[in-house]
$ cat my_file.cif   # mmCIF, C-alpha atoms and all ligand atoms; chains and numbers go by the auth columns
data_run
loop_
_atom_site.group_PDB
_atom_site.id
_atom_site.type_symbol
_atom_site.label_atom_id
_atom_site.label_comp_id
_atom_site.label_asym_id
_atom_site.label_seq_id
_atom_site.Cartn_x
_atom_site.Cartn_y
_atom_site.Cartn_z
_atom_site.B_iso_or_equiv
_atom_site.auth_seq_id
_atom_site.auth_asym_id
ATOM 1 C CA MET A 1 19.643 83.406 -101.684 0.00 1 A
ATOM 2 C CA ARG A 2 19.635 80.381 -99.392 0.00 2 A
ATOM 3 C CA GLN A 3 16.850 77.841 -99.801 0.00 3 A
ATOM 4 C CA SER A 4 14.770 77.372 -96.648 0.00 4 A
ATOM 5 C CA LEU A 5 14.863 73.969 -94.984 0.00 5 A
ATOM 6 C CA VAL A 6 12.398 72.610 -92.445 0.00 6 A
ATOM 7 C CA VAL A 7 13.183 69.314 -90.726 0.00 7 A
ATOM 8 C CA GLY A 8 10.971 67.438 -88.290 0.00 8 A
ATOM 9 C CA ASN A 9 12.765 65.821 -85.364 0.00 9 A
ATOM 10 C CA TRP A 10 10.237 63.290 -84.131 0.00 10 A
ATOM 11 C CA LYS A 11 12.415 62.389 -81.119 0.00 11 A
ATOM 12 C CA MET A 12 11.191 59.266 -79.257 0.00 12 A
ATOM 13 C CA ASN A 13 7.562 59.585 -80.310 0.00 13 A
ATOM 14 C CA GLY A 14 5.096 57.590 -82.357 0.00 14 A
ATOM 15 C CA SER A 15 4.090 54.060 -83.270 0.00 15 A
ATOM 16 C CA ALA A 16 3.946 52.295 -86.615 0.00 16 A
ATOM 17 C CA ALA A 17 0.298 53.347 -86.897 0.00 17 A
ATOM 18 C CA SER A 18 0.659 56.969 -85.816 0.00 18 A
ATOM 19 C CA ILE A 19 3.719 57.424 -88.012 0.00 19 A
ATOM 20 C CA GLN A 20 1.853 56.012 -90.987 0.00 20 A
ATOM 21 C CA SER A 21 -0.940 58.510 -90.558 0.00 21 A
ATOM 22 C CA LEU A 22 1.538 61.364 -90.049 0.00 22 A
ATOM 23 C CA LEU A 23 3.296 60.355 -93.264 0.00 23 A
ATOM 24 C CA GLU A 24 0.004 60.215 -95.166 0.00 24 A
ATOM 25 C CA GLY A 25 -0.878 63.689 -93.945 0.00 25 A
ATOM 26 C CA ILE A 26 2.506 65.111 -94.948 0.00 26 A
ATOM 27 C CA LYS A 27 2.372 63.464 -98.374 0.00 27 A
ATOM 28 C CA GLN A 28 -1.160 64.717 -98.991 0.00 28 A
ATOM 29 C CA GLY A 29 -0.196 68.308 -98.239 0.00 29 A
ATOM 30 C CA ILE A 30 3.366 68.516 -99.481 0.00 30 A
ATOM 31 C CA ALA A 31 2.273 69.954 -102.849 0.00 31 A
ATOM 32 C CA THR A 32 1.207 73.079 -100.954 0.00 32 A
ATOM 33 C CA VAL A 33 4.868 73.698 -100.064 0.00 33 A
ATOM 34 C CA ASN A 34 6.580 75.484 -102.918 0.00 34 A
ATOM 35 C CA LYS A 35 10.236 76.187 -102.406 0.00 35 A
ATOM 36 C CA THR A 36 11.164 74.978 -98.945 0.00 36 A
ATOM 37 C CA ALA A 37 13.143 71.748 -98.678 0.00 37 A
ATOM 38 C CA VAL A 38 11.552 69.360 -96.180 0.00 38 A
ATOM 39 C CA GLY A 39 12.842 66.417 -94.169 0.00 39 A
ATOM 40 C CA VAL A 40 11.750 64.195 -91.287 0.00 40 A
ATOM 41 C CA CYS A 41 13.852 62.311 -88.745 0.00 41 A
ATOM 42 C CA PRO A 42 11.960 59.345 -87.243 0.00 42 A
ATOM 43 C CA PRO A 43 13.193 57.002 -84.520 0.00 43 A
ATOM 44 C CA TYR A 44 15.573 54.436 -86.089 0.00 44 A
ATOM 45 C CA VAL A 45 13.155 51.526 -85.861 0.00 45 A
ATOM 46 C CA TYR A 46 10.704 53.272 -88.187 0.00 46 A
ATOM 47 C CA LEU A 47 13.344 54.284 -90.730 0.00 47 A
ATOM 48 C CA SER A 48 12.505 51.518 -93.171 0.00 48 A
ATOM 49 C CA GLN A 49 8.795 52.331 -92.995 0.00 49 A
ATOM 50 C CA VAL A 50 9.418 56.052 -93.414 0.00 50 A
ATOM 51 C CA SER A 51 11.934 55.823 -96.238 0.00 51 A
ATOM 52 C CA THR A 52 9.702 53.403 -98.160 0.00 52 A
ATOM 53 C CA SER A 53 6.694 55.631 -97.699 0.00 53 A
ATOM 54 C CA LEU A 54 8.556 58.790 -98.742 0.00 54 A
ATOM 55 C CA ALA A 55 10.295 57.294 -101.787 0.00 55 A
ATOM 56 C CA GLY A 56 9.481 59.376 -104.838 0.00 56 A
ATOM 57 C CA THR A 57 8.236 62.336 -102.774 0.00 57 A
ATOM 58 C CA PRO A 58 10.154 65.575 -102.193 0.00 58 A
ATOM 59 C CA VAL A 59 10.358 64.828 -98.459 0.00 59 A
ATOM 60 C CA ALA A 60 13.809 63.674 -97.377 0.00 60 A
ATOM 61 C CA CYS A 61 14.496 61.229 -94.613 0.00 61 A
ATOM 62 C CA GLY A 62 17.009 61.623 -91.809 0.00 62 A
ATOM 63 C CA VAL A 63 17.847 60.293 -88.373 0.00 63 A
ATOM 64 C CA GLN A 64 18.405 61.795 -84.950 0.00 64 A
ATOM 65 C CA ASN A 65 21.822 60.378 -84.089 0.00 65 A
ATOM 66 C CA VAL A 66 24.603 58.136 -85.396 0.00 66 A
ATOM 67 C CA SER A 67 27.594 56.282 -84.033 0.00 67 A
ATOM 68 C CA GLU A 68 31.042 57.811 -84.319 0.00 68 A
ATOM 69 C CA GLN A 69 32.327 54.278 -85.055 0.00 69 A
ATOM 70 C CA ASP A 70 32.271 52.383 -88.363 0.00 70 A
ATOM 71 C CA SER A 71 31.135 48.936 -87.186 0.00 71 A
ATOM 72 C CA GLY A 72 31.845 46.322 -84.552 0.00 72 A
ATOM 73 C CA ALA A 73 31.209 45.678 -80.888 0.00 73 A
ATOM 74 C CA TYR A 74 29.212 48.793 -80.023 0.00 74 A
ATOM 75 C CA THR A 75 25.983 47.434 -78.567 0.00 75 A
ATOM 76 C CA GLY A 76 22.966 49.571 -79.325 0.00 76 A
ATOM 77 C CA GLU A 77 24.696 51.828 -81.836 0.00 77 A
ATOM 78 C CA ILE A 78 23.892 52.496 -85.517 0.00 78 A
ATOM 79 C CA ALA A 79 26.569 53.171 -88.135 0.00 79 A
ATOM 80 C CA VAL A 80 26.435 55.664 -91.006 0.00 80 A
ATOM 81 C CA SER A 81 26.838 52.827 -93.531 0.00 81 A
ATOM 82 C CA MET A 82 23.569 51.307 -92.244 0.00 82 A
ATOM 83 C CA LEU A 83 21.713 54.566 -92.740 0.00 83 A
ATOM 84 C CA LYS A 84 22.772 54.620 -96.364 0.00 84 A
ATOM 85 C CA ASP A 85 20.786 51.418 -96.909 0.00 85 A
ATOM 86 C CA PHE A 86 17.644 53.443 -96.226 0.00 86 A
ATOM 87 C CA GLY A 87 18.244 56.417 -98.476 0.00 87 A
ATOM 88 C CA CYS A 88 18.863 58.745 -95.556 0.00 88 A
ATOM 89 C CA ARG A 89 19.928 62.295 -96.360 0.00 89 A
ATOM 90 C CA TYR A 90 20.312 63.999 -92.988 0.00 90 A
ATOM 91 C CA VAL A 91 21.796 63.076 -89.624 0.00 91 A
ATOM 92 C CA ILE A 92 21.142 65.308 -86.617 0.00 92 A
ATOM 93 C CA VAL A 93 24.379 65.463 -84.632 0.00 93 A
ATOM 94 C CA GLY A 94 24.916 66.998 -81.226 0.00 94 A
ATOM 95 C CA HIS A 95 21.284 67.599 -80.356 0.00 95 A
ATOM 96 C CA SER A 96 21.148 69.129 -76.874 0.00 96 A
ATOM 97 C CA GLU A 97 19.278 66.069 -75.604 0.00 97 A
ATOM 98 C CA ARG A 98 22.223 63.922 -76.729 0.00 98 A
ATOM 99 C CA ARG A 99 24.692 66.341 -75.168 0.00 99 A
ATOM 100 C CA ASN A 100 22.862 66.948 -71.906 0.00 100 A
ATOM 101 C CA ILE A 101 21.072 63.643 -71.193 0.00 101 A
ATOM 102 C CA TYR A 102 23.538 61.204 -72.775 0.00 102 A
ATOM 103 C CA GLY A 103 26.741 63.105 -72.093 0.00 103 A
ATOM 104 C CA GLU A 104 27.952 63.606 -75.658 0.00 104 A
ATOM 105 C CA THR A 105 30.966 65.886 -75.545 0.00 105 A
ATOM 106 C CA ASP A 106 32.023 68.399 -78.183 0.00 106 A
ATOM 107 C CA GLU A 107 34.690 65.873 -79.222 0.00 107 A
ATOM 108 C CA VAL A 108 32.206 63.028 -79.727 0.00 108 A
ATOM 109 C CA VAL A 109 29.872 65.347 -81.630 0.00 109 A
ATOM 110 C CA ALA A 110 32.764 66.416 -83.867 0.00 110 A
ATOM 111 C CA LYS A 111 33.570 62.756 -84.605 0.00 111 A
ATOM 112 C CA LYS A 112 29.933 62.053 -85.464 0.00 112 A
ATOM 113 C CA PHE A 113 29.938 65.051 -87.775 0.00 113 A
ATOM 114 C CA THR A 114 33.057 63.803 -89.565 0.00 114 A
ATOM 115 C CA LYS A 115 31.723 60.247 -89.888 0.00 115 A
ATOM 116 C CA THR A 116 28.403 61.462 -91.257 0.00 116 A
ATOM 117 C CA GLN A 117 30.066 63.468 -93.988 0.00 117 A
ATOM 118 C CA ALA A 118 32.599 60.751 -94.767 0.00 118 A
ATOM 119 C CA GLY A 119 29.624 58.457 -95.352 0.00 119 A
ATOM 120 C CA GLY A 120 28.072 60.920 -97.784 0.00 120 A
ATOM 121 C CA LEU A 121 25.252 62.129 -95.567 0.00 121 A
ATOM 122 C CA ILE A 122 24.532 65.683 -94.458 0.00 122 A
ATOM 123 C CA PRO A 123 25.027 66.485 -90.779 0.00 123 A
ATOM 124 C CA ILE A 124 22.640 68.890 -89.084 0.00 124 A
ATOM 125 C CA LEU A 125 24.915 70.188 -86.344 0.00 125 A
ATOM 126 C CA CYS A 126 22.997 71.429 -83.311 0.00 126 A
ATOM 127 C CA VAL A 127 24.385 74.139 -81.089 0.00 127 A
ATOM 128 C CA GLY A 128 22.772 76.119 -78.312 0.00 128 A
ATOM 129 C CA GLU A 129 23.068 77.355 -74.769 0.00 129 A
ATOM 130 C CA LEU A 130 21.408 76.397 -71.501 0.00 130 A
ATOM 131 C CA LEU A 131 19.286 78.989 -69.690 0.00 131 A
ATOM 132 C CA GLU A 132 21.969 79.567 -67.050 0.00 132 A
ATOM 133 C CA GLU A 133 24.556 80.077 -69.777 0.00 133 A
ATOM 134 C CA ARG A 134 22.347 82.693 -71.450 0.00 134 A
ATOM 135 C CA GLU A 135 21.670 84.415 -68.141 0.00 135 A
ATOM 136 C CA ALA A 136 25.388 84.516 -67.408 0.00 136 A
ATOM 137 C CA GLY A 137 25.968 86.220 -70.771 0.00 137 A
ATOM 138 C CA ASN A 138 27.739 83.179 -72.208 0.00 138 A
ATOM 139 C CA THR A 139 25.551 82.361 -75.203 0.00 139 A
ATOM 140 C CA GLU A 140 28.145 83.329 -77.806 0.00 140 A
ATOM 141 C CA ASN A 141 30.988 81.600 -75.945 0.00 141 A
ATOM 142 C CA VAL A 142 29.045 78.346 -75.740 0.00 142 A
ATOM 143 C CA VAL A 143 27.912 78.395 -79.361 0.00 143 A
ATOM 144 C CA GLN A 144 31.417 79.295 -80.522 0.00 144 A
ATOM 145 C CA ARG A 145 32.952 76.457 -78.484 0.00 145 A
ATOM 146 C CA GLN A 146 30.469 73.959 -79.975 0.00 146 A
ATOM 147 C CA LEU A 147 31.144 75.231 -83.502 0.00 147 A
ATOM 148 C CA ASP A 148 34.904 75.334 -83.060 0.00 148 A
ATOM 149 C CA ALA A 149 34.994 71.678 -82.039 0.00 149 A
ATOM 150 C CA VAL A 150 33.723 70.840 -85.543 0.00 150 A
ATOM 151 C CA LEU A 151 35.649 73.563 -87.381 0.00 151 A
ATOM 152 C CA ASN A 152 38.901 72.450 -85.773 0.00 152 A
ATOM 153 C CA SER A 153 38.435 68.798 -86.601 0.00 153 A
ATOM 154 C CA SER A 154 36.694 68.919 -90.002 0.00 154 A
ATOM 155 C CA GLY A 155 37.792 72.324 -91.320 0.00 155 A
ATOM 156 C CA VAL A 156 35.578 75.143 -92.535 0.00 156 A
ATOM 157 C CA ALA A 157 35.167 73.584 -95.999 0.00 157 A
ATOM 158 C CA ALA A 158 33.108 70.811 -94.387 0.00 158 A
ATOM 159 C CA LEU A 159 30.374 73.359 -93.732 0.00 159 A
ATOM 160 C CA SER A 160 29.727 73.642 -97.452 0.00 160 A
ATOM 161 C CA ASN A 161 27.908 70.340 -97.111 0.00 161 A
ATOM 162 C CA ALA A 162 26.310 70.659 -93.706 0.00 162 A
ATOM 163 C CA VAL A 163 23.448 72.386 -91.952 0.00 163 A
ATOM 164 C CA ILE A 164 23.632 74.162 -88.597 0.00 164 A
ATOM 165 C CA ALA A 165 20.727 74.316 -86.163 0.00 165 A
ATOM 166 C CA TYR A 166 20.690 76.881 -83.377 0.00 166 A
ATOM 167 C CA GLU A 167 18.576 75.415 -80.612 0.00 167 A
ATOM 168 C CA PRO A 168 18.576 77.365 -77.356 0.00 168 A
ATOM 169 C CA VAL A 169 18.038 74.647 -74.771 0.00 169 A
ATOM 170 C CA TRP A 170 15.672 76.816 -72.733 0.00 170 A
ATOM 171 C CA ALA A 171 13.313 77.005 -75.713 0.00 171 A
ATOM 172 C CA ILE A 172 13.168 73.275 -76.480 0.00 172 A
ATOM 173 C CA GLY A 173 9.882 71.655 -75.570 0.00 173 A
ATOM 174 C CA THR A 174 9.094 74.511 -73.186 0.00 174 A
ATOM 175 C CA GLY A 175 6.691 76.497 -75.330 0.00 175 A
ATOM 176 C CA LYS A 176 9.127 79.403 -74.797 0.00 176 A
ATOM 177 C CA THR A 177 10.400 80.512 -78.186 0.00 177 A
ATOM 178 C CA ALA A 178 13.383 82.763 -78.732 0.00 178 A
ATOM 179 C CA SER A 179 12.124 86.081 -80.073 0.00 179 A
ATOM 180 C CA PRO A 180 12.908 86.609 -83.749 0.00 180 A
ATOM 181 C CA GLN A 181 15.582 89.133 -82.726 0.00 181 A
ATOM 182 C CA GLN A 182 17.145 86.780 -80.164 0.00 182 A
ATOM 183 C CA ALA A 183 17.338 84.070 -82.824 0.00 183 A
ATOM 184 C CA GLN A 184 18.665 86.474 -85.437 0.00 184 A
ATOM 185 C CA ASP A 185 21.409 87.744 -83.114 0.00 185 A
ATOM 186 C CA VAL A 186 22.808 84.258 -82.520 0.00 186 A
ATOM 187 C CA HIS A 187 22.368 83.183 -86.153 0.00 187 A
ATOM 188 C CA ALA A 188 24.266 86.282 -87.290 0.00 188 A
ATOM 189 C CA PHE A 189 26.979 85.555 -84.737 0.00 189 A
ATOM 190 C CA ILE A 190 27.316 81.988 -86.070 0.00 190 A
ATOM 191 C CA ARG A 191 27.545 83.217 -89.641 0.00 191 A
ATOM 192 C CA GLN A 192 30.096 85.902 -88.754 0.00 192 A
ATOM 193 C CA HIS A 193 32.189 83.389 -86.849 0.00 193 A
ATOM 194 C CA ILE A 194 32.309 81.096 -89.875 0.00 194 A
ATOM 195 C CA ALA A 195 32.982 84.072 -92.162 0.00 195 A
ATOM 196 C CA LYS A 196 36.221 84.760 -90.307 0.00 196 A
ATOM 197 C CA GLN A 197 37.482 81.565 -91.946 0.00 197 A
ATOM 198 C CA ASP A 198 35.534 81.550 -95.212 0.00 198 A
ATOM 199 C CA ALA A 199 33.050 84.247 -96.202 0.00 199 A
ATOM 200 C CA ALA A 200 31.609 82.331 -99.160 0.00 200 A
ATOM 201 C CA ILE A 201 30.835 79.253 -97.080 0.00 201 A
ATOM 202 C CA ALA A 202 29.376 81.403 -94.318 0.00 202 A
ATOM 203 C CA ALA A 203 27.063 83.106 -96.802 0.00 203 A
ATOM 204 C CA LYS A 204 25.866 79.759 -98.113 0.00 204 A
ATOM 205 C CA VAL A 205 25.388 77.592 -95.026 0.00 205 A
ATOM 206 C CA GLN A 206 21.792 77.082 -93.904 0.00 206 A
ATOM 207 C CA ILE A 207 21.234 77.931 -90.233 0.00 207 A
ATOM 208 C CA LEU A 208 17.965 76.572 -88.842 0.00 208 A
ATOM 209 C CA TYR A 209 16.255 77.693 -85.666 0.00 209 A
ATOM 210 C CA GLY A 210 14.878 75.083 -83.255 0.00 210 A
ATOM 211 C CA GLY A 211 12.971 75.532 -80.009 0.00 211 A
ATOM 212 C CA SER A 212 9.189 75.637 -79.828 0.00 212 A
ATOM 213 C CA MET A 213 8.828 76.719 -83.444 0.00 213 A
ATOM 214 C CA LYS A 214 5.225 76.228 -84.547 0.00 214 A
ATOM 215 C CA GLY A 215 2.776 77.247 -87.219 0.00 215 A
ATOM 216 C CA SER A 216 1.943 80.500 -85.472 0.00 216 A
ATOM 217 C CA ASN A 217 5.517 81.776 -85.032 0.00 217 A
ATOM 218 C CA ALA A 218 7.448 80.184 -87.905 0.00 218 A
ATOM 219 C CA ALA A 219 6.918 82.995 -90.411 0.00 219 A
ATOM 220 C CA GLU A 220 8.299 85.758 -88.171 0.00 220 A
ATOM 221 C CA LEU A 221 11.333 83.656 -87.245 0.00 221 A
ATOM 222 C CA ILE A 222 12.137 82.563 -90.801 0.00 222 A
ATOM 223 C CA ALA A 223 11.672 86.163 -91.964 0.00 223 A
ATOM 224 C CA MET A 224 14.865 87.096 -90.103 0.00 224 A
ATOM 225 C CA ALA A 225 17.861 87.576 -92.377 0.00 225 A
ATOM 226 C CA ASP A 226 19.966 84.712 -91.022 0.00 226 A
ATOM 227 C CA VAL A 227 17.214 82.230 -90.109 0.00 227 A
ATOM 228 C CA ASP A 228 16.961 79.737 -92.967 0.00 228 A
ATOM 229 C CA GLY A 229 14.282 77.410 -91.647 0.00 229 A
ATOM 230 C CA GLY A 230 13.572 75.256 -88.637 0.00 230 A
ATOM 231 C CA LEU A 231 14.329 72.063 -86.792 0.00 231 A
ATOM 232 C CA ILE A 232 10.969 71.184 -85.341 0.00 232 A
ATOM 233 C CA GLY A 233 10.160 68.919 -82.395 0.00 233 A
ATOM 234 C CA GLY A 234 6.629 68.772 -81.013 0.00 234 A
ATOM 235 C CA ALA A 235 4.961 70.676 -83.849 0.00 235 A
ATOM 236 C CA ALA A 236 6.367 68.203 -86.387 0.00 236 A
ATOM 237 C CA LEU A 237 4.149 65.450 -84.973 0.00 237 A
ATOM 238 C CA ASN A 238 1.049 67.007 -86.510 0.00 238 A
ATOM 239 C CA ALA A 239 0.986 67.021 -90.320 0.00 239 A
ATOM 240 C CA GLU A 240 -1.014 70.233 -90.733 0.00 240 A
ATOM 241 C CA GLU A 241 1.078 72.134 -88.217 0.00 241 A
ATOM 242 C CA PHE A 242 4.299 70.865 -89.774 0.00 242 A
ATOM 243 C CA LEU A 243 3.164 71.812 -93.277 0.00 243 A
ATOM 244 C CA THR A 244 2.215 75.277 -92.060 0.00 244 A
ATOM 245 C CA ILE A 245 5.789 75.717 -90.830 0.00 245 A
ATOM 246 C CA CYS A 246 7.140 74.383 -94.127 0.00 246 A
ATOM 247 C CA ARG A 247 5.033 76.899 -96.069 0.00 247 A
ATOM 248 C CA ALA A 248 6.365 79.687 -93.842 0.00 248 A
ATOM 249 C CA GLY A 249 9.743 78.937 -95.400 0.00 249 A
ATOM 250 C CA ASP A 250 8.417 79.639 -98.905 0.00 250 A
HETATM 251 P P1 LIG B . 10.473 71.567 -79.853 0.00 301 B
HETATM 252 O O1 LIG B . 10.072 72.093 -81.201 0.00 301 B
HETATM 253 O O2 LIG B . 9.568 70.504 -79.329 0.00 301 B
HETATM 254 O O3 LIG B . 10.735 72.679 -78.877 0.00 301 B
HETATM 255 O O4 LIG B . 11.890 70.822 -80.063 0.00 301 B
HETATM 256 C C1 LIG B . 12.883 71.468 -80.774 0.00 301 B
HETATM 257 C C2 LIG B . 13.966 70.509 -81.037 0.00 301 B
HETATM 258 O O5 LIG B . 14.632 70.041 -80.123 0.00 301 B
HETATM 259 C C3 LIG B . 14.183 70.081 -82.415 0.00 301 B
HETATM 260 O O6 LIG B . 15.338 69.331 -82.540 0.00 301 B
#

$ encode --input "my_file.cif" --output "structure tokens"
Amino acid sequence: MRQSLVVGNWKMNGSAASIQSLLEGIKQGIATVNKTAVGVCPPYVYLSQVSTSLAGTPVACGVQNVSEQDSGAYTGEIAVSMLKDFGCRYVIVGHSERRNIYGETDEVVAKKFTKTQAGGLIPILCVGELLEEREAGNTENVVQRQLDAVLNSSGVAALSNAVIAYEPVWAIGTGKTASPQQAQDVHAFIRQHIAKQDAAIAAKVQILYGGSMKGSNAAELIAMADVDGGLIGGAALNAEEFLTICRAGD
């Protein structure tokens, strides 16, 4: 039985003050979450504040991106080694906003995945199709291409220490959620694709759903056989809402 995991992706939101009150709210309510593992990914500049505040709690800290380089003349970038100074556990790699707004290719995402693992952190690899790709019947092709970029460069064994997030782009920030069956179909496809290379790893890897997941729909999504939790954007900015989603994973 896979443990559920719910991770908040705060994206480019918040201030020192609003993040402090969000953290207080999460810490106050986290005892109401029983079995689900929980993490939050703040903007980099608040990482120190967040990791200090969460020290000693069951809530893990992560980030939303990382450089594919080790160090050096890469203005504006953050290396995996730096994240380790803050007790980070998770790194979101290949979020659709990184792919589609900042032009990250499958190859760059694969390098970020490799670097994250080499540095001892856990990548949360995001995959997902655009609306036009879904409408053209290409969802599985797109998701497979995104997965294969990582499988081909890191090998299937790397997935024994990674998380996958299926985030249909048309559901992100739109209020339009994939139906539980739509999510399940793609999650099952992802698991079957991995199983072609290693059935044991496929059975073990956590596959999160992301895209307008909220307190009111989390339970029905996570109830699906291959949905192991959520990667949450907007609803993770409210402590009560986020905790409701976390409890849905119990
Ligand atoms: P929303 O929950 O705001 O749709 O965002 C999902 C997401 O992109 C999480 O990474």

$ residues_near_ligand --input "my_file.cif" --ligand "ligand LIG 301 (chain B)" --cutoff "7 Å" --atoms "only C-alpha atoms and all ligand atoms" --output "NGL selection string"
:A and (9 or 95 or 167 or 171-175 or 210-213 or 231-235)

$ residues_around --input "my_file.cif" --residues "range 50-57 of chain A" --least-positions-apart "6" --cutoff "12 Å" --atoms "only C-alpha atoms" --output "ChimeraX atom specification"
/A:10,14-31,37-44,63,83-89

$ residues_around --input "my_file.cif" --residues "range 150-162 of chain A" --least-positions-apart "4" --cutoff "7 Å" --atoms "only C-alpha atoms" --output "VMD selection string"
chain A and resid 110 114 122 to 124 197 to 198 201 205

$ axis_aligned_box --input "my_file.cif" --around "range 1-20 of chain A" --padding-each-side "5 Å" --output "AutoDock Vina command-line options"
--center_x 10.0 --center_y 67.9 --center_z -90.5 --size_x 29.3 --size_y 41.1 --size_z 32.4

$ resolve_selection --input "my_file.cif" --expression "the PyMOL selection byres (((chain A and resi 224-229) around 8) and not hetatm)" --output "PyMOL selection string"
chain A and resi 2-6+180-181+183-184+187-188+191+206-209+220-223+230-231+249

$ closest_residue --input "my_file.cif" --among "A:Gln64, A:Asn217, A:Thr177, A:Thr105" --to "Arg145 in chain A" --atoms "only C-alpha atoms"
A:Thr105

$ atom_distance --input "my_file.cif" --atom1 "CA of Val33 in chain A" --atom2 "CA of Gly8 in chain A"
14.7 Å

$ residues_around --input "my_file.cif" --residues "Gln69 in chain A" --least-positions-apart "3" --cutoff "10 Å" --atoms "all atoms listed in the file" --output "list in words"
Val66, Gly72, Ala73, Tyr74, Glu77, Ile78, Ala79, Val80, Lys111, Lys112 and Lys115 of chain A

$ closest_residue --input "my_file.cif" --among "A:Tyr90, A:Phe189, A:Phe242, A:Trp170" --to "Lys214 in chain A" --atoms "all atoms listed in the file"
A:Phe242

$ atom_distance --input "my_file.cif" --atom1 "CA of Cys126 in chain A" --atom2 "CA of Pro168 in chain A"
9.5 Å

$ atom_distance --input "my_file.cif" --atom1 "CA of Lys11 in chain A" --atom2 "CA of Glu97 in chain A"
9.5 Å

$ residues_near_point --input "my_file.cif" --point "(26.4, 74.8, -85.1)" --cutoff "9 Å" --atoms "only C-alpha atoms" --output "PyMOL selection string"
chain A and resi 94+124-128+143-144+146-148+150+163-166+190+207

$ write_last_selection --input "my_file.cif" --atoms "C-alpha atoms" --output "short mmCIF file (atom, residue, chain, number, x, y, z; two decimals), keeping the file's coordinate frame"
data_model
loop_
_atom_site.label_atom_id
_atom_site.label_comp_id
_atom_site.auth_asym_id
_atom_site.auth_seq_id
_atom_site.Cartn_x
_atom_site.Cartn_y
_atom_site.Cartn_z
CA GLY A 94 24.92 67.00 -81.23
CA ILE A 124 22.64 68.89 -89.08
CA LEU A 125 24.92 70.19 -86.34
CA CYS A 126 23.00 71.43 -83.31
CA VAL A 127 24.38 74.14 -81.09
CA GLY A 128 22.77 76.12 -78.31
CA VAL A 143 27.91 78.40 -79.36
CA GLN A 144 31.42 79.30 -80.52
CA GLN A 146 30.47 73.96 -79.97
CA LEU A 147 31.14 75.23 -83.50
CA ASP A 148 34.90 75.33 -83.06
CA VAL A 150 33.72 70.84 -85.54
CA VAL A 163 23.45 72.39 -91.95
CA ILE A 164 23.63 74.16 -88.60
CA ALA A 165 20.73 74.32 -86.16
CA TYR A 166 20.69 76.88 -83.38
CA ILE A 190 27.32 81.99 -86.07
CA ILE A 207 21.23 77.93 -90.23
#

$ residues_around --input "my_file.cif" --residues "Leu131 in chain A" --least-positions-apart "2" --cutoff "7 Å" --atoms "all atoms listed in the file" --output "list of chain:residue names"
A:Glu129, A:Glu133, A:Arg134, A:Glu135, A:Val169, A:Trp170

$ closest_residue --input "my_file.cif" --among "A:Thr36, A:Thr116, A:Ser81, A:Asn65" --to "Arg99 in chain A" --atoms "all atoms listed in the file"
A:Asn65

$ decode --input "my_file.cif" --residues "range 200-211 of chain A" --atoms "N, CA and C atoms" --output "tab-separated table (two decimals), in the first residue's frame"
chain	number	residue	atom	x	y	z
A	200	ALA	N	8.00	-3.87	-9.98
A	200	ALA	CA	8.07	-3.57	-8.54
A	200	ALA	C	8.18	-2.07	-8.30
A	201	ILE	N	8.99	-1.42	-9.10
A	201	ILE	CA	9.13	0.04	-8.96
A	201	ILE	C	7.82	0.73	-9.35
A	202	ALA	N	7.19	0.25	-10.40
A	202	ALA	CA	5.92	0.84	-10.83
A	202	ALA	C	4.86	0.73	-9.74
A	203	ALA	N	4.86	-0.39	-9.03
A	203	ALA	CA	3.86	-0.60	-7.98
A	203	ALA	C	4.12	0.31	-6.78
A	204	LYS	N	5.35	0.74	-6.64
A	204	LYS	CA	5.73	1.50	-5.45
A	204	LYS	C	5.71	3.02	-5.64
A	205	VAL	N	5.91	3.48	-6.86
A	205	VAL	CA	6.09	4.92	-7.06
A	205	VAL	C	4.78	5.68	-6.78
A	206	GLN	N	4.92	6.78	-6.05
A	206	GLN	CA	3.74	7.61	-5.76
A	206	GLN	C	3.46	8.51	-6.96
A	207	ILE	N	2.21	8.51	-7.42
A	207	ILE	CA	1.80	9.36	-8.53
A	207	ILE	C	0.72	10.32	-8.00
A	208	LEU	N	1.09	11.60	-7.94
A	208	LEU	CA	0.18	12.63	-7.42
A	208	LEU	C	-0.62	13.23	-8.56
A	209	TYR	N	-1.80	13.71	-8.23
A	209	TYR	CA	-2.59	14.47	-9.21
A	209	TYR	C	-2.48	15.96	-8.87
A	210	GLY	N	-2.34	16.80	-9.88
A	210	GLY	CA	-2.34	18.24	-9.66
A	210	GLY	C	-3.19	18.93	-10.72
A	211	GLY	N	-3.95	19.92	-10.30
A	211	GLY	CA	-4.80	20.67	-11.23
A	211	GLY	C	-6.13	20.94	-10.58
